[in-house]
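coords.tsv (TSV, C-alpha atoms)
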```tsv
chain	number	residue	atom	x	y	z
U	1	MET	CA	43.66	0.22	52.33
U	2	SER	CA	40.71	-0.73	50.09
U	3	THR	CA	37.99	-3.15	51.11
U	4	ALA	CA	38.59	-6.73	50.00
U	5	LEU	CA	36.50	-7.96	47.10
U	6	LEU	CA	35.97	-11.28	48.87
U	7	ALA	CA	36.99	-12.44	52.34
U	8	PHE	CA	36.33	-15.96	53.60
U	9	THR	CA	37.38	-16.76	57.18
U	10	ASN	CA	37.20	-20.30	58.63
U	11	VAL	CA	34.48	-21.35	56.19
U	12	THR	CA	33.19	-24.92	56.30
U	13	VAL	CA	30.66	-25.97	53.66
U	14	TYR	CA	28.81	-29.24	53.14
U	15	ARG	CA	27.11	-30.36	49.95
U	16	GLU	CA	24.57	-32.89	51.13
U	17	ARG	CA	26.69	-34.96	53.57
U	18	THR	CA	30.05	-34.30	51.96
U	19	ARG	CA	32.33	-31.67	53.49
U	20	VAL	CA	33.65	-29.69	50.52
U	21	LEU	CA	35.47	-26.92	52.40
U	22	GLU	CA	36.85	-27.09	55.93
U	23	ASP	CA	38.09	-24.04	57.85
U	24	PHE	CA	38.84	-22.38	54.53
U	25	SER	CA	40.17	-18.81	54.57
U	26	LEU	CA	40.90	-16.60	51.57
U	27	THR	CA	41.07	-12.87	50.96
U	28	ILE	CA	40.97	-11.44	47.45
U	29	PRO	CA	41.82	-7.73	47.33
U	30	ALA	CA	39.72	-5.43	45.17
U	31	ASP	CA	41.24	-4.27	41.86
U	32	GLN	CA	43.37	-7.38	41.34
U	33	HIS	CA	43.19	-10.20	38.83
U	34	VAL	CA	43.14	-13.58	40.54
U	35	ALA	CA	42.81	-17.13	39.22
U	36	ILE	CA	41.86	-19.97	41.53
U	37	LEU	CA	43.13	-23.27	40.15
U	38	GLY	CA	42.49	-26.79	41.34
U	39	PRO	CA	41.28	-30.18	40.25
U	40	ASN	CA	37.62	-31.03	39.78
U	41	GLY	CA	35.90	-31.38	43.13
U	42	SER	CA	38.34	-29.16	45.01
U	43	GLY	CA	35.69	-26.55	45.90
U	44	LYS	CA	36.13	-23.81	43.28
U	45	SER	CA	32.47	-23.76	42.24
U	46	THR	CA	31.43	-24.15	45.88
U	47	LEU	CA	33.10	-20.80	46.60
U	48	LEU	CA	30.94	-19.18	43.94
U	49	LYS	CA	27.80	-20.80	45.34
U	50	VAL	CA	28.62	-19.42	48.79
U	51	ILE	CA	28.91	-15.93	47.29
U	52	THR	CA	25.57	-16.25	45.47
U	53	ARG	CA	23.95	-17.82	48.55
U	54	GLU	CA	23.14	-21.07	46.78
U	55	LEU	CA	25.16	-22.73	49.56
U	56	HIS	CA	25.73	-21.54	53.12
U	57	PRO	CA	28.70	-22.18	55.39
U	58	VAL	CA	28.25	-23.90	58.74
U	59	ASP	CA	27.15	-21.19	61.18
U	60	ARG	CA	29.98	-20.78	63.71
U	61	PRO	CA	31.23	-17.67	65.55
U	62	GLU	CA	34.68	-17.86	63.89
U	63	CYS	CA	33.23	-18.13	60.36
U	64	SER	CA	32.62	-15.10	58.15
U	65	VAL	CA	32.07	-14.33	54.48
U	66	THR	CA	32.18	-10.75	53.22
U	67	VAL	CA	31.71	-9.35	49.73
U	68	LEU	CA	33.09	-5.83	49.31
U	69	GLY	CA	33.11	-5.50	53.09
U	70	GLN	CA	29.48	-6.55	53.53
U	71	ALA	CA	28.57	-9.62	55.57
U	72	ARG	CA	24.97	-9.50	54.33
U	73	TRP	CA	23.81	-8.70	50.84
U	74	THR	CA	20.86	-9.28	48.58
U	75	LEU	CA	21.18	-10.90	45.19
U	76	TRP	CA	20.23	-7.55	43.63
U	77	ASP	CA	23.06	-5.77	45.48
U	78	LEU	CA	25.45	-8.52	44.45
U	79	ARG	CA	24.47	-8.26	40.76
U	80	ALA	CA	25.16	-4.52	40.79
U	81	ALA	CA	28.59	-5.00	42.41
U	82	ILE	CA	29.87	-8.24	40.87
U	83	GLY	CA	29.17	-9.77	37.48
U	84	ILE	CA	29.13	-13.56	37.67
U	85	VAL	CA	29.47	-16.02	34.79
U	86	SER	CA	29.11	-19.68	35.67
U	87	ASN	CA	28.61	-22.95	33.84
U	88	ASP	CA	25.25	-23.36	35.58
U	89	LEU	CA	24.16	-20.00	34.17
U	90	MET	CA	25.42	-20.97	30.71
U	91	ALA	CA	23.27	-24.10	30.77
U	92	THR	CA	20.25	-22.12	31.98
U	93	CYS	CA	20.66	-19.41	29.33
U	94	THR	CA	20.84	-21.72	26.33
U	95	ARG	CA	17.34	-21.27	24.99
U	96	LYS	CA	15.49	-19.52	22.16
U	97	ILE	CA	16.28	-15.91	23.04
U	98	THR	CA	18.36	-13.44	21.07
U	99	GLY	CA	21.71	-12.07	22.13
U	100	ARG	CA	20.10	-8.69	22.75
U	101	GLU	CA	17.39	-10.27	24.93
U	102	LEU	CA	20.04	-12.12	26.94
U	103	LEU	CA	21.85	-8.87	27.72
U	104	LEU	CA	18.61	-6.98	28.49
U	105	SER	CA	17.52	-9.76	30.84
U	106	GLY	CA	20.55	-8.99	33.01
U	107	PHE	CA	18.77	-5.84	34.16
U	108	PHE	CA	15.88	-7.92	35.48
U	109	GLY	CA	17.75	-10.93	36.86
U	110	SER	CA	15.86	-13.19	34.48
U	111	ILE	CA	16.73	-15.36	31.51
U	112	GLY	CA	15.06	-13.66	28.59
U	113	LEU	CA	12.40	-10.98	28.76
U	114	TRP	CA	8.93	-11.49	30.18
U	115	PRO	CA	5.74	-9.51	29.45
U	116	HIS	CA	6.05	-7.49	32.68
U	117	HIS	CA	9.61	-6.37	31.86
U	118	GLU	CA	9.78	-2.89	30.41
U	119	PRO	CA	13.32	-2.10	29.24
U	120	THR	CA	14.07	1.62	29.16
U	121	ASP	CA	15.89	3.52	26.42
U	122	ASP	CA	18.94	3.68	28.71
U	123	MET	CA	18.88	-0.11	29.07
U	124	HIS	CA	18.70	-0.57	25.30
U	125	GLN	CA	21.57	1.89	24.87
U	126	ARG	CA	23.70	0.03	27.43
U	127	VAL	CA	23.05	-3.26	25.60
U	128	GLU	CA	24.25	-1.73	22.33
U	129	GLU	CA	27.38	-0.38	24.07
U	130	VAL	CA	28.21	-3.82	25.46
U	131	LEU	CA	27.57	-5.56	22.14
U	132	ALA	CA	29.85	-3.05	20.39
U	133	TRP	CA	32.57	-3.34	23.05
U	134	LEU	CA	32.54	-7.14	22.71
U	135	GLY	CA	32.54	-6.88	18.91
U	136	LEU	CA	29.32	-8.92	18.84
U	137	ALA	CA	26.77	-6.48	17.38
U	138	ARG	CA	26.14	-9.02	14.61
U	139	LEU	CA	24.76	-11.42	17.23
U	140	GLY	CA	22.18	-9.07	18.69
U	141	ASP	CA	19.29	-10.60	16.77
U	142	ARG	CA	20.60	-14.18	16.55
U	143	LEU	CA	19.11	-16.87	18.78
U	144	LEU	CA	21.46	-18.31	21.39
U	145	THR	CA	20.57	-21.79	20.14
U	146	ARG	CA	22.16	-20.79	16.79
U	147	MET	CA	25.44	-19.50	18.24
U	148	SER	CA	28.72	-21.23	18.82
U	149	SER	CA	29.60	-21.97	22.43
U	150	GLY	CA	32.28	-19.25	22.30
U	151	GLU	CA	29.84	-16.62	21.02
U	152	ALA	CA	27.29	-17.55	23.69
U	153	ARG	CA	29.95	-17.48	26.44
U	154	ARG	CA	31.13	-14.00	25.35
U	155	LEU	CA	27.52	-12.77	25.39
U	156	LEU	CA	27.14	-14.20	28.88
U	157	ILE	CA	30.17	-12.14	29.90
U	158	GLY	CA	28.38	-9.16	28.32
U	159	ARG	CA	25.30	-9.90	30.43
U	160	ALA	CA	27.52	-9.84	33.52
U	161	LEU	CA	28.89	-6.45	32.43
U	162	ILE	CA	25.48	-4.88	31.88
U	163	HIS	CA	25.41	-3.20	35.34
U	164	GLN	CA	29.02	-1.99	35.03
U	165	PRO	CA	30.04	-4.05	38.07
U	166	ARG	CA	33.15	-3.41	40.13
U	167	ALA	CA	34.36	-6.97	39.53
U	168	LEU	CA	33.73	-10.08	37.45
U	169	ILE	CA	33.85	-13.67	38.64
U	170	LEU	CA	34.21	-16.23	35.87
U	171	ASP	CA	33.70	-19.87	36.88
U	172	GLU	CA	35.61	-22.16	34.50
U	173	PRO	CA	35.17	-19.82	31.53
U	174	MET	CA	36.88	-22.22	29.06
U	175	THR	CA	34.89	-25.35	29.88
U	176	SER	CA	33.63	-27.19	26.78
U	177	LEU	CA	34.99	-24.58	24.35
U	178	ASP	CA	36.91	-25.60	21.25
U	179	LEU	CA	40.32	-24.06	20.57
U	180	GLY	CA	38.98	-21.12	18.52
U	181	ALA	CA	36.22	-20.30	20.98
U	182	ALA	CA	38.63	-20.51	23.92
U	183	HIS	CA	40.94	-18.07	22.11
U	184	GLU	CA	38.04	-15.61	21.63
U	185	VAL	CA	37.03	-15.82	25.30
U	186	ARG	CA	40.65	-15.38	26.44
U	187	ALA	CA	40.95	-12.31	24.19
U	188	THR	CA	37.78	-10.88	25.77
U	189	MET	CA	39.12	-11.57	29.27
U	190	ARG	CA	42.46	-9.96	28.39
U	191	ARG	CA	40.69	-6.85	27.11
U	192	LEU	CA	38.55	-6.70	30.25
U	193	ALA	CA	41.69	-6.88	32.41
U	194	GLN	CA	43.44	-4.18	30.38
U	195	ASP	CA	40.41	-1.89	30.56
U	196	GLY	CA	40.23	-2.31	34.34
```
Represent the structure contained in this file as structure tokens.
Amino acid sequence: MSTALLAFTNVTVYRERTRVLEDFSLTIPADQHVAILGPNGSGKSTLLKVITRELHPVDRPECSVTVLGQARWTLWDLRAAIGIVSNDLMATCTRKITGRELLLSGFFGSIGLWPHHEPTDDMHQRVEEVLAWLGLARLGDRLLTRMSSGEARRLLIGRALIHQPRALILDEPMTSLDLGAAHEVRATMRRLAQDG
């Protein structure tokens, strides 16, 4: 039996003084496609924030959170294992950087490249592979501020793929996309699922 991608056991999470999750348990097996559906405010994004350690569950003996079998992980380990695309990240990434810089920045855990970042030839090659796979090579030199929301969202998925993670977590990937952009993102997600 393979290790679960995510396992939450008796998790209770507060956001300020509001209890968002109470004694929540969920196991998501590795190598499966899962969608978590629910109304706004039901805790979907809270789950993601627990994984990324932006929020922490109430510390109790019966509570546990594991990612790929690990109860403790660093953000760097998490990035290598799981690609994450969230609305918060989308808002943060919308600035004057090119598509290529967005993908390269995934190697450094930054948004855009900074003077101390020194991308290697292998990193540049991986960026070109991802751009080609997504069919977005034409956007490599275009500024994110000059892209449609669908193009930017697909590049953000590319940034999450840069480390060749074992899994992707997409938080509300269709939010604020028009019909055409939503179709493009769904096509990208379908291709990702088919390619494993």
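We find CA of Val65 (chain U) and CA of Ala30 (chain U) to be spaced 15.0 Å apart.
Residues lying within 12 Å of Leu179 (chain U), counting all atoms listed in the file and ignoring same-chain neighbours fewer than 6 positions away, are Ser149, Gly150, Val185 and Arg186 of chain U.
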Please return, as a ChimeraX atom specification, all polymer residues that have at least one atom within 9 Å of the point (35.6, -16.9, 16.9); use only C-alpha atoms and the file's own coordinate frame. /U:148,150-151,180-185
U:Ser105, U:Asn10, U:Ser86, U:Thr120: which is nearest Lys44 (chain U), counting all atoms listed in the file?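 The answer is U:Ser86, which sits nearest to Lys44 (chain U).
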Have a look at CA of Asp121 (chain U) and CA of Phe107 (chain U) and let me know their distance in Å, one decimal.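 Separation of CA of Asp121 (chain U) and CA of Phe107 (chain U): 12.5 Å.
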In Å, rounded to a single decimal, give me how far CA of Ser25 (chain U) is from CA of His56 (chain U).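 Computing the Euclidean distance for CA of His56 (chain U) and CA of Ser25 (chain U) yields 14.8 Å.
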From the options U:Arg153, U:Trp133, U:Tyr14, U:Arg142, which residue's atoms come nearest to Arg191 (chain U), counting only C-alpha atoms?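 Answer, going by the shortest atom-to-atom distance: U:Trp133.
Taking only C-alpha atoms into account, Glu172 (chain U) lies nearest to U:Asp88 out of the set U:Asp88, U:Trp76, U:Gly109, U:Val11.
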Counting only C-alpha atoms, the residue among U:Leu37, U:Leu47, U:Leu131, U:Val58 that lies closest to Val13 (chain U) is U:Val58
